[in-house]
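Written out below as structure tokens is the structure these notes cover.
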Amino acid sequence: MLALALVAAHYSCDYDARLVDKICQLADRDELPAGTAGERDPELDHATMIPLHFIQRHYTDFEVVRIGLSGLSPAIHYELGKLVQEAAAQLGRRVVFVASGDLSHKLLESGPYGFAPEGPVFDDRIEKDFSSADFLDLLEIDRGFAERAAECGLRSFQIMAGALDRTAVRSEVLSHEGPFGVGYCVACFSPEGEEGADDSPRVS
């Protein structure tokens, strides 16, 4: 007889309450519809626990700010990212922004969500944007096209782009695969030079 034991995973972390408060303050200043007033559950969610699982293997001295997504425009998500950058600068925080989310869920007929022709096209476009740090294109992706590709990471990427606004970065795609019909891409954007440098990506 084969017995299978399922062990529940438990994760915990410290929240950076000061940074959260500062982001909320700046959002109120700019009349951006963001904040904690509508938070339904302060517990860690799936999108936070997955990267936290790997981060905690190597780092322990850090605090977390969870940022959710909305149905609002790409520009609003980008503006939220800019506020994260501003809040971190005002508080003197060193920040690593983890944009957690899958690419297309429709890469293979054999996958759990089936196939859509938009799936591979979406994944290829995101990989190219990541390779070249083309943050403007992340904002210009048609919402209908993204929905047909069944993605779940784009708005997270748009917030990340805002957090890197007017920052020259070195981009590197570490991996991109979709063996189960869902696209997984890992990329790294490392700031370099001075903020506002002439070769910095800018989005207005």
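Lettering and numbering for the structure tokens are positional, with chains as A, B, ... in the shown order, residues counted from 1 in each chain, and ligands counted from 1 in the shown order.
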
(message) Using only C-alpha atoms, which protein or nucleic acid residues come within 8 Å of Cys152 (chain A)? Drop anything in the same chain fewer than 2 positions from it, and give the result as a list in words.
(response)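 Listing them by chain and then by number gives Gly101, Asp102, Leu103, Ser104, Ala150, Leu154 and Arg155 of chain A.
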
Selection to disk with C-alpha atoms, as a CSV table (one decimal), in the first residue's frame:
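Heads up, here's the output in out-v6.csv:
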```
chain,number,residue,atom,x,y,z
A,101,GLY,CA,2.5,36.4,-11.9
A,102,ASP,CA,2.2,33.9,-14.7
A,103,LEU,CA,2.3,34.7,-18.4
A,104,SER,CA,-0.3,32.9,-20.7
A,150,ALA,CA,-5.4,34.2,-20.2
A,154,LEU,CA,0.7,41.8,-16.7
A,155,ARG,CA,-0.7,44.3,-14.2
```

(request) Would you mind writing down, as a PyMOL selection string, each residue of region 56-108 of chain A that DSSP on the backbone assigns to alpha helix (DSSP H)? (result) chain A and resi 74-91

Based on DSSP run over this structure's backbone, return all residues of region 32-168 of chain A in strand (DSSP E or B), as a PDB file with C-alpha atoms, in the first residue's frame.
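Saved as result_13.pdb:
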```
ATOM      1  CA  GLU A  63      10.070  43.360   5.521  1.00  0.00           C
ATOM      2  CA  VAL A  64       7.277  42.889   3.001  1.00  0.00           C
ATOM      3  CA  LEU A 107       0.080  27.583 -24.495  1.00  0.00           C
ATOM      4  CA  PHE A 115      -4.751  26.472 -26.240  1.00  0.00           C
TER       5      PHE A 115
END
```

(message) What's around region 66-74 of chain A at 7 Å? Count only C-alpha atoms, leave out sequence neighbours fewer than 6 positions away in its own chain, and write the answer as a PyMOL selection string.
(response) chain A and resi 139+155-156+158

(message) Between CA of Pro120 (chain A) and CA of Leu174 (chain A), what is the distance in Å, rounded to a tenth?
(response) 18.2 Å

(request) Please indicate the distance in Å from CA of Val65 (chain A) to CA of Ser190 (chain A), rounded to one decimal place. (result)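 The value is 19.6 Å.
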
(request) Please identify all polymer residues within 9 Å of Gly162 (chain A), counting only C-alpha atoms, omitting same-chain residues fewer than 6 positions from it, and present them as a list in words. (result)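 The filter keeps Ala75, His77, Tyr78, Glu79, Leu80, Gly81, Lys82, Leu83, Val84, Gln85, Phe135 and Val203 of chain A.
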